[in-house]
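Notes follow once the structure below has been shown.
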Amino acid sequence: MCGIVGAVAQRDVAEILIHGLQRLEYRGYDSAGLAVVDGEHHLARLRALGKVQVLADKLEKQPLTGGTGIAHTRWATHGEPNEANAHPHVSGDYAVVHNGIIENHQELRAMLQEKGYVFTSQTDTEVIAHLVNLEMQSAGSLLEAVQKTVKQLTGAYGMVVMSRLEPEHVIAARSGSPLVIGLGIGENYLASDQLALLNVTRRFMYLEEGDIAEITRREVHIYNAQGEKVERQLHNVNTEYDVADKGQYRHFMQKEIFEQPVALANTMEGRLTNNEMIVNSIGNGANEILKDIQHVQIIACGTSYHAGMVARYWFEDLAGISCDVEIASEFRYRNFVTRPNSLLLTLSQSGETADTLAALRIAKERGFAHTMTICNVSGSSLVRESDLAFMTRAGTEIGVASTKAFTAQLVALLMLVTAIGKATGNLSAEKEAEIVQALHSVPAQLESVLSFDKQIEKLSEDFSEKHHSLFLGRGEYYPIAMEAALKLKEISYIHAQAYAAGELKHGPLALIDADMPVVVIAPSNDLLEKVKSNVQEVQARGGELFVFTDHNTSFTSSKTMKIVKMPTVNHLTAPIIYTVPMQLLAYHVALIKGTDVDQPRNLAKAVTVE
């Protein structure tokens with residue numbers, strides 16, 4: 001989604017703002033802009049359509065001086081991508097940047113137009129700028145004007161307001177869209193993601209829902225939704241600054257695929273002994289919370305939803321705990337039934353996914369026994385608002401198409417299943433040891449699978465002229481097929497659809513012909529013979545098959561069927577292992593197609609609005 005960076009300093013901040021925006025490019029955007037106020041009370045603004053580099057080139061030709069500034073990368077919601085709709089938006093002496101959606105912007109626009117305000121953009125954000133201008137006519141300070149403004153807004157926002165009349169002073173407000181304040185020495189910063197500020201500070205405070213912050217060079221004052229002055233915890237962040245460096249890799253996605261052995265080892269570190277899961281490593285008091293759980297409700301979006309779908313098989317098969325999985329945007333708007341002793345489990349890479357966060361808040365009101373999140377970003381809203389937070393420790397993921405965050409979620413989920421089974425007494429010590437030993441083997445097995453890269457690169461050539469593809473799996477491999485289809489769609493723009501293989505005869509078989517590649521995930525397990533029957537159905541209709549299997553099966557290559565022989569691994573962790581060749585396939589097809597692998601069109605990394 002959109003990105004925000006702001007600064008209040010003694011030095012010129014325009015280049016710092018640009019650098020911060022470049023660190024946020026992974027979030028997805030279509031235009032960029034910045035505004036700066038200098039000591040002479042001059043407000044200057046630059047905006048550009050396209051990449052941040054276009055804005056940087058403009059800045060080089062037209063330098064802006066001043067120690068107070070705000071900057072933004074925009075992902076279009078209201079109004080097409082163009083320079084006029086790019087942020088910051090200005091109304092008289094005031095400039096605003098904003099993430100989110102103002103749902104009542106049309107009514108506010110009409111009211112403001114009646115009062116004589118002229119709109120120069122199609123955005124909902126310009127409403128905020130004019131409202132601040134209007135409220136300043138009676139307010140005693142910019143802080144008071146922003147407090148009055150936010151009371152009129154319906155929707156989600158993370159906003160920063162700056163006035164040319166008050167250099168060294170900005171106001172930030174958060175409702176639904178994250179904002180973080182970075183503390184320096186004689187200068188302070190803010191952003192929608194701490195990654196933007198790691199070159200200037202490692203000390204951060206996270207604004208909570210409803211907070212409004214008044215930020216100067218030397219002070220930060222935070223007020224909650226009731227207008228009361230509050231303190232927010234200071235966090236020292238040790239994230240490696242070079243996470244946004246591709247290093248030897250061509251794309252961040254490629255880098256993150258190959259980081260998975262280390263990322264998953266980090267997920268497991270300190271949580272497993274040789275044969276046991278350490279239940280309280282999930283969080284303080286985890287054993288007391290988990291021992292009474294009788295049901296798990298998983299809420300997630302996109303890739304995280306697929307991880308939850310896999311986990312449903314594990315929860316019910318291994319831990320003997322009933323489990324439901326639902327898309328957050330559906331769950332939050334239906335009249336669901338809260339089961340006794342139910343754990344509400346949210347999954348999110350960013351911890352700021354708007355629908356998932358809203359579902360969590362509704363579920364807490366509706367009486368879930370406990371809430372827990374599996375998340376990759378410490379300090380995020382889901383982490384702060386859940387009873388337990390199980391951090392995946394996958395490291396910052398830049399590529400929009402999730403890879404290591406997904407497999408880290410799967411590892412975390414299998415550990416959680418083990419922990420709940422152990423805490424409730426439903427899992428034997430022997431089965432616990434089997435799961436733990438299988439998990440210990442995963443990093444080395446992933447290293448082995450990554451050596452298939454060249455083979456899969458060659459295979460990807462068969463997809464170069466295709467426009468559609470099917471992915472088939474059974475049992476816990478059906479969600480892996482769903483994830484594989486999503487990856488191909490996201491970065492190669494090939495239409496791909498996943499089906500539970502047993503559904504072929506119920507419609508999808510009509511699509512099979514020589515122009516429809518069919519990818520089959522078929523490890524050796526109890527459902528193998530069923531999958532073989534599905535493969536034969538495709539072959540009989542002239543379909544082009546790509547089968548990912550292991551050495552214990554009898555699939556043989558032919559003119560219409562290509563085989564990738566995977567290593568034989570424990571069936572418990574095999575869904576994790578079989579995910580990686582699907583990622584590699586999507587990546588290499590995208591390379592052939594020439595798409596923007598890390599920032600695919602129309603998509604954003606963190607979906608912080610509905």
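Letters for chains follow the order of the structure tokens (A, B, ...), residue numbers begin at 1 for each chain, and ligand numbers begin at 1 in the order shown.
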Run DSSP on the backbone and grab whatever in region 553-597 of chain A lands in alpha helix (DSSP H); send it over as JSON, numbers by chain.
{"A": [574, 575, 576, 577, 578, 579, 580, 581, 582, 583, 584, 585, 586, 587, 588, 589, 590, 591, 592, 593]}
Just all heavy atoms for this one: save the residues we selected as a compact mmCIF listing (two decimals), in the first residue's frame.
# COMPACT_ATOMS: atom_id res chain seq x y z
N ALA A 574 6.14 -32.38 4.34
CA ALA A 574 6.21 -32.36 2.88
C ALA A 574 5.49 -31.16 2.26
O ALA A 574 5.98 -30.62 1.25
CB ALA A 574 5.66 -33.67 2.32
N PRO A 575 4.34 -30.69 2.79
CA PRO A 575 3.73 -29.50 2.18
C PRO A 575 4.67 -28.29 2.16
O PRO A 575 4.62 -27.49 1.23
CB PRO A 575 2.51 -29.25 3.08
CG PRO A 575 2.16 -30.58 3.63
CD PRO A 575 3.48 -31.27 3.86
N ILE A 576 5.50 -28.16 3.18
CA ILE A 576 6.47 -27.06 3.21
C ILE A 576 7.49 -27.24 2.09
O ILE A 576 7.81 -26.30 1.35
CB ILE A 576 7.19 -27.02 4.57
CG1 ILE A 576 6.17 -26.89 5.71
CG2 ILE A 576 8.21 -25.88 4.62
CD1 ILE A 576 6.75 -27.16 7.09
N ILE A 577 8.00 -28.46 1.94
CA ILE A 577 9.04 -28.74 0.95
C ILE A 577 8.50 -28.57 -0.47
O ILE A 577 9.17 -28.00 -1.34
CB ILE A 577 9.59 -30.17 1.15
CG1 ILE A 577 10.06 -30.38 2.60
CG2 ILE A 577 10.71 -30.44 0.16
CD1 ILE A 577 11.08 -29.40 3.09
N TYR A 578 7.27 -29.03 -0.73
CA TYR A 578 6.70 -28.96 -2.08
C TYR A 578 6.30 -27.54 -2.48
O TYR A 578 6.03 -27.28 -3.65
CB TYR A 578 5.51 -29.90 -2.19
CG TYR A 578 5.91 -31.32 -2.53
CD1 TYR A 578 6.43 -32.17 -1.55
CD2 TYR A 578 5.81 -31.82 -3.83
CE1 TYR A 578 6.81 -33.47 -1.84
CE2 TYR A 578 6.19 -33.11 -4.14
CZ TYR A 578 6.70 -33.93 -3.14
OH TYR A 578 7.09 -35.21 -3.46
N THR A 579 6.27 -26.63 -1.53
CA THR A 579 5.97 -25.23 -1.85
C THR A 579 7.08 -24.58 -2.67
O THR A 579 6.81 -23.80 -3.59
CB THR A 579 5.78 -24.44 -0.54
OG1 THR A 579 4.62 -24.92 0.13
CG2 THR A 579 5.62 -22.95 -0.81
N VAL A 580 8.32 -24.92 -2.36
CA VAL A 580 9.46 -24.20 -2.95
C VAL A 580 9.57 -24.38 -4.47
O VAL A 580 9.78 -23.38 -5.18
CB VAL A 580 10.77 -24.60 -2.23
CG1 VAL A 580 11.97 -23.96 -2.90
CG2 VAL A 580 10.69 -24.18 -0.77
N PRO A 581 9.43 -25.58 -5.04
CA PRO A 581 9.48 -25.67 -6.51
C PRO A 581 8.35 -24.90 -7.17
O PRO A 581 8.52 -24.42 -8.31
CB PRO A 581 9.38 -27.17 -6.78
CG PRO A 581 8.86 -27.78 -5.54
CD PRO A 581 9.35 -26.92 -4.42
N MET A 582 7.21 -24.76 -6.49
CA MET A 582 6.12 -23.96 -7.05
C MET A 582 6.52 -22.48 -7.14
O MET A 582 6.18 -21.78 -8.09
CB MET A 582 4.86 -24.11 -6.20
CG MET A 582 4.32 -25.54 -6.06
SD MET A 582 3.82 -26.28 -7.62
CE MET A 582 5.10 -27.51 -7.82
N GLN A 583 7.24 -22.01 -6.11
CA GLN A 583 7.74 -20.63 -6.13
C GLN A 583 8.74 -20.43 -7.25
O GLN A 583 8.70 -19.41 -7.97
CB GLN A 583 8.38 -20.31 -4.78
CG GLN A 583 7.43 -20.35 -3.59
CD GLN A 583 8.17 -20.27 -2.26
OE1 GLN A 583 9.39 -20.41 -2.20
NE2 GLN A 583 7.44 -20.04 -1.18
N LEU A 584 9.64 -21.38 -7.41
CA LEU A 584 10.65 -21.29 -8.47
C LEU A 584 10.01 -21.30 -9.84
O LEU A 584 10.43 -20.56 -10.75
CB LEU A 584 11.65 -22.44 -8.34
CG LEU A 584 12.60 -22.38 -7.14
CD1 LEU A 584 13.36 -23.69 -7.00
CD2 LEU A 584 13.58 -21.21 -7.28
N LEU A 585 8.97 -22.13 -10.01
CA LEU A 585 8.29 -22.18 -11.31
C LEU A 585 7.67 -20.83 -11.64
O LEU A 585 7.85 -20.31 -12.75
CB LEU A 585 7.22 -23.28 -11.28
CG LEU A 585 6.37 -23.42 -12.54
CD1 LEU A 585 7.23 -23.83 -13.73
CD2 LEU A 585 5.24 -24.43 -12.33
N ALA A 586 6.95 -20.25 -10.69
CA ALA A 586 6.33 -18.94 -10.92
C ALA A 586 7.40 -17.90 -11.24
O ALA A 586 7.22 -17.06 -12.14
CB ALA A 586 5.52 -18.53 -9.70
N TYR A 587 8.50 -17.93 -10.50
CA TYR A 587 9.56 -16.95 -10.70
C TYR A 587 10.14 -17.03 -12.11
O TYR A 587 10.27 -16.02 -12.81
CB TYR A 587 10.67 -17.15 -9.66
CG TYR A 587 11.87 -16.26 -9.88
CD1 TYR A 587 11.79 -14.89 -9.61
CD2 TYR A 587 13.06 -16.76 -10.39
CE1 TYR A 587 12.87 -14.06 -9.82
CE2 TYR A 587 14.15 -15.94 -10.60
CZ TYR A 587 14.06 -14.58 -10.33
OH TYR A 587 15.12 -13.75 -10.56
N HIS A 588 10.46 -18.23 -12.57
CA HIS A 588 11.10 -18.37 -13.88
C HIS A 588 10.12 -18.09 -15.02
O HIS A 588 10.52 -17.55 -16.06
CB HIS A 588 11.72 -19.76 -14.02
CG HIS A 588 12.97 -19.92 -13.21
ND1 HIS A 588 14.10 -19.15 -13.44
CD2 HIS A 588 13.26 -20.73 -12.16
CE1 HIS A 588 15.05 -19.50 -12.57
NE2 HIS A 588 14.56 -20.44 -11.79
N VAL A 589 8.84 -18.42 -14.84
CA VAL A 589 7.85 -18.07 -15.86
C VAL A 589 7.74 -16.55 -15.96
O VAL A 589 7.67 -15.99 -17.06
CB VAL A 589 6.48 -18.70 -15.54
CG1 VAL A 589 5.42 -18.18 -16.51
CG2 VAL A 589 6.55 -20.22 -15.62
N ALA A 590 7.76 -15.87 -14.83
CA ALA A 590 7.69 -14.41 -14.84
C ALA A 590 8.89 -13.79 -15.54
O ALA A 590 8.76 -12.79 -16.26
CB ALA A 590 7.59 -13.88 -13.40
N LEU A 591 10.07 -14.38 -15.34
CA LEU A 591 11.26 -13.89 -16.04
C LEU A 591 11.07 -13.98 -17.55
O LEU A 591 11.41 -13.06 -18.30
CB LEU A 591 12.50 -14.69 -15.63
CG LEU A 591 13.04 -14.49 -14.21
CD1 LEU A 591 14.35 -15.25 -14.06
CD2 LEU A 591 13.27 -13.01 -13.90
N ILE A 592 10.55 -15.10 -18.01
CA ILE A 592 10.31 -15.29 -19.44
C ILE A 592 9.29 -14.27 -19.95
O ILE A 592 9.44 -13.70 -21.03
CB ILE A 592 9.84 -16.73 -19.72
CG1 ILE A 592 10.95 -17.73 -19.44
CG2 ILE A 592 9.36 -16.87 -21.17
CD1 ILE A 592 10.51 -19.17 -19.46
N LYS A 593 8.27 -14.04 -19.15
CA LYS A 593 7.22 -13.10 -19.54
C LYS A 593 7.69 -11.64 -19.48
O LYS A 593 7.06 -10.76 -20.06
CB LYS A 593 6.01 -13.27 -18.61
CG LYS A 593 5.25 -14.58 -18.82
CD LYS A 593 4.43 -14.54 -20.09
CE LYS A 593 3.48 -15.72 -20.19
NZ LYS A 593 2.65 -15.67 -21.41
Tell me, as a ChimeraX atom specification, which residues lie within 12 Å of Leu488 (chain A), counting only C-alpha atoms; anything in the same chain fewer than 2 positions away does not count.
/A:401-402,460,463-464,466-471,481-486,490-498,519,581-591,593,595,597,600
Distance CA of His221 (chain A)-CA of Gln137 (chain A), one decimal place?
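Separation of CA of His221 (chain A) and CA of Gln137 (chain A): 23.2 Å.
For region 505-516 of chain A, the residues within 6 Å (counting only C-alpha atoms, excluding itself and residues fewer than 6 positions away along the chain) are Ser469, Gly542, Gly543 and Glu544 of chain A.
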Best match for closeness to Gly399 (chain A) among A:His89, A:Met566, A:Leu21, A:Phe252, counting only C-alpha atoms:
A:Phe252
Tell me, which residues of region 355-562 of chain A carry DSSP strand (DSSP E or B), written as a PyMOL selection string?
chain A and resi 370-375+388-391+468-473+495-500+517-521+544-550+558+561-562
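Using only C-alpha atoms, the nearest neighbour of Asp317 (chain A) within the list A:Val377, A:Ile298, A:Ile282, A:Leu414 is A:Leu414.
Nearest residue to Gln254 (chain A) among A:Asn266, A:Thr403, A:Gln233, A:Thr303 is A:Thr403, counting only C-alpha atoms.
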I want to know what sits within 7 Å of region 429-435 of chain A, based on only C-alpha atoms, with residues of the same chain fewer than 6 positions away left out; could you give that as a list in words?
Asn275, Glu276, Thr418 and Leu572 of chain A
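CA of His440 (chain A) is positioned 10.9 Å from CA of Pro261 (chain A).
Closest to Asn284 (chain A) among A:Val518, A:Asn534, A:Phe390, A:Ser348 is A:Phe390, based on only C-alpha atoms.
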Sorted by chain and rising residue number, which residues of region 15-100 of chain A lie within 12 Å of region 117-136 of chain A, and what are their closest atom pairs and distances in Å to one decimal, counting only C-alpha atoms, as a tab-separated table?
residue	atom	partner	partner_atom	distance
A:His72	CA	A:Thr125	CA	12.0
A:Arg74	CA	A:Thr123	CA	10.7
A:Trp75	CA	A:Thr123	CA	11.3
A:Ala76	CA	A:Thr123	CA	8.7
A:Thr77	CA	A:Thr123	CA	7.8
A:His78	CA	A:Thr123	CA	4.9
A:Gly79	CA	A:Gln122	CA	4.8
A:Glu80	CA	A:Gln122	CA	7.8
A:Pro81	CA	A:Gln122	CA	10.1
A:Asn82	CA	A:Ser121	CA	9.5
A:Glu83	CA	A:Ser121	CA	9.2
A:Ala84	CA	A:Ser121	CA	5.7
A:Asn85	CA	A:Ser121	CA	5.2
A:Ala86	CA	A:Ser121	CA	8.5
A:His87	CA	A:Thr125	CA	8.2
A:Pro88	CA	A:Glu126	CA	8.8
A:His89	CA	A:Glu126	CA	5.7
A:Val90	CA	A:Ala129	CA	6.1
A:Ser91	CA	A:Ala129	CA	5.4
A:Gly92	CA	A:Asn133	CA	7.0
A:Asp93	CA	A:Asn133	CA	7.7
A:Tyr94	CA	A:Ala129	CA	6.6
A:Ala95	CA	A:Ala129	CA	6.4
A:Val96	CA	A:Ala129	CA	5.7
A:Val97	CA	A:Thr125	CA	7.4
A:His98	CA	A:Thr125	CA	6.2
A:Asn99	CA	A:Thr125	CA	8.4
A:Gly100	CA	A:Thr125	CA	8.8
For Asn224 (chain A), which residue among A:Val13, A:Glu288, A:Ala300, A:Gln147 is the nearest when counting only C-alpha atoms?
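For Asn224 (chain A), the nearest of the candidates is A:Gln147.
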Contacts of region 61-67 of chain A within 10 Å, only C-alpha atoms, excl. fewer than 4 positions in-chain, as a VMD selection string:
chain A and resid 7 to 15 34 to 46 56 to 57 167 to 169 187 217
Within 8 Å of Leu347 (chain A) using only C-alpha atoms, minus same-chain residues under 2 positions, as a list in words
Ile298, Ile299, Ala300, Cys301, Ser304, Tyr305, Gly308, Leu345, Gln349, Gly351, Thr356, Thr373, Ile374, Cys375 and Gln409 of chain A
Suppose we keep all heavy atoms; can you now write the selection as a CSV table (one decimal), in the first residue's frame?
chain,number,residue,atom,x,y,z
A,298,ILE,N,-9.2,-19.9,12.4
A,298,ILE,CA,-8.1,-19.2,11.7
A,298,ILE,C,-8.7,-18.1,10.8
A,298,ILE,O,-9.6,-18.4,10.0
A,298,ILE,CB,-7.2,-20.2,10.9
A,298,ILE,CG1,-6.5,-21.2,11.8
A,298,ILE,CG2,-6.2,-19.4,10.1
A,298,ILE,CD1,-5.7,-22.2,11.1
A,299,ILE,N,-8.1,-16.9,10.8
A,299,ILE,CA,-8.6,-15.8,10.0
A,299,ILE,C,-7.3,-15.3,9.3
A,299,ILE,O,-6.3,-15.0,9.9
A,299,ILE,CB,-9.2,-14.7,10.9
A,299,ILE,CG1,-10.4,-15.2,11.6
A,299,ILE,CG2,-9.5,-13.5,10.0
A,299,ILE,CD1,-11.5,-15.6,10.8
A,300,ALA,N,-7.4,-15.1,7.9
A,300,ALA,CA,-6.3,-14.7,7.2
A,300,ALA,C,-6.7,-14.2,5.8
A,300,ALA,O,-7.9,-14.3,5.4
A,300,ALA,CB,-5.3,-15.8,7.0
A,301,CYS,N,-5.8,-13.7,5.0
A,301,CYS,CA,-6.1,-13.2,3.7
A,301,CYS,C,-5.0,-13.7,2.7
A,301,CYS,O,-3.8,-13.9,3.2
A,301,CYS,CB,-6.1,-11.7,3.6
A,301,CYS,SG,-7.3,-10.9,4.6
A,304,SER,N,-1.6,-16.0,3.3
A,304,SER,CA,-1.7,-16.5,4.7
A,304,SER,C,-3.0,-17.4,4.9
A,304,SER,O,-3.0,-18.3,5.7
A,304,SER,CB,-1.9,-15.3,5.7
A,304,SER,OG,-0.7,-14.5,5.7
A,305,TYR,N,-4.0,-17.1,4.1
A,305,TYR,CA,-5.2,-18.0,4.1
A,305,TYR,C,-4.8,-19.4,3.7
A,305,TYR,O,-5.3,-20.4,4.2
A,305,TYR,CB,-6.2,-17.4,3.2
A,305,TYR,CG,-7.4,-18.3,3.0
A,305,TYR,CD1,-8.4,-18.5,4.0
A,305,TYR,CD2,-7.7,-18.8,1.7
A,305,TYR,CE1,-9.5,-19.3,3.8
A,305,TYR,CE2,-8.8,-19.6,1.5
A,305,TYR,CZ,-9.7,-19.9,2.5
A,305,TYR,OH,-10.8,-20.7,2.3
A,308,GLY,N,-3.2,-21.2,6.4
A,308,GLY,CA,-4.3,-21.7,7.4
A,308,GLY,C,-5.0,-22.9,6.9
A,308,GLY,O,-5.4,-23.8,7.7
A,345,LEU,N,-7.2,-17.3,15.8
A,345,LEU,CA,-5.8,-17.3,15.3
A,345,LEU,C,-5.7,-16.5,14.0
A,345,LEU,O,-6.3,-16.9,13.0
A,345,LEU,CB,-5.3,-18.7,15.1
A,345,LEU,CG,-3.9,-18.9,14.5
A,345,LEU,CD1,-2.8,-18.2,15.4
A,345,LEU,CD2,-3.5,-20.3,14.2
A,349,GLN,N,1.7,-11.6,7.4
A,349,GLN,CA,3.1,-11.3,7.3
A,349,GLN,C,3.4,-10.0,7.9
A,349,GLN,O,4.3,-9.8,8.8
A,349,GLN,CB,3.5,-11.3,5.8
A,349,GLN,CG,5.0,-11.2,5.6
A,349,GLN,CD,5.7,-9.9,5.8
A,349,GLN,OE1,6.7,-9.8,6.5
A,349,GLN,NE2,5.1,-8.8,5.4
A,351,GLY,N,1.2,-8.0,9.8
A,351,GLY,CA,0.6,-7.6,11.1
A,351,GLY,C,-0.3,-6.4,11.0
A,351,GLY,O,-0.8,-5.9,12.0
A,356,THR,N,-7.9,-8.5,8.4
A,356,THR,CA,-7.6,-9.4,9.5
A,356,THR,C,-7.6,-8.7,10.8
A,356,THR,O,-8.1,-9.2,11.8
A,356,THR,CB,-6.2,-10.0,9.2
A,356,THR,OG1,-6.2,-10.6,7.9
A,356,THR,CG2,-5.9,-11.1,10.2
A,373,THR,N,-1.8,-14.4,17.3
A,373,THR,CA,-1.4,-14.1,15.9
A,373,THR,C,-0.1,-14.8,15.6
A,373,THR,O,0.8,-14.9,16.5
A,373,THR,CB,-1.2,-12.6,15.7
A,373,THR,OG1,-1.0,-12.3,14.3
A,373,THR,CG2,-0.1,-12.0,16.4
A,374,ILE,N,0.1,-15.2,14.4
A,374,ILE,CA,1.3,-15.7,13.8
A,374,ILE,C,1.7,-14.6,12.8
A,374,ILE,O,1.0,-14.4,11.8
A,374,ILE,CB,1.2,-17.1,13.2
A,374,ILE,CG1,1.0,-18.1,14.3
A,374,ILE,CG2,2.5,-17.4,12.4
A,374,ILE,CD1,0.8,-19.5,13.7
A,375,CYS,N,2.8,-13.9,13.1
A,375,CYS,CA,3.2,-12.7,12.4
A,375,CYS,C,4.7,-12.6,12.2
A,375,CYS,O,5.5,-13.2,12.9
A,375,CYS,CB,2.6,-11.5,13.2
A,375,CYS,SG,2.8,-9.9,12.4
A,409,GLN,N,5.3,-19.3,8.1
A,409,GLN,CA,4.0,-19.5,8.7
A,409,GLN,C,3.7,-21.0,8.8
A,409,GLN,O,3.1,-21.4,9.8
A,409,GLN,CB,2.9,-18.8,7.8
A,409,GLN,CG,2.9,-17.3,8.0
A,409,GLN,CD,1.9,-16.6,7.1
A,409,GLN,OE1,1.4,-17.3,6.2
A,409,GLN,NE2,1.5,-15.4,7.4
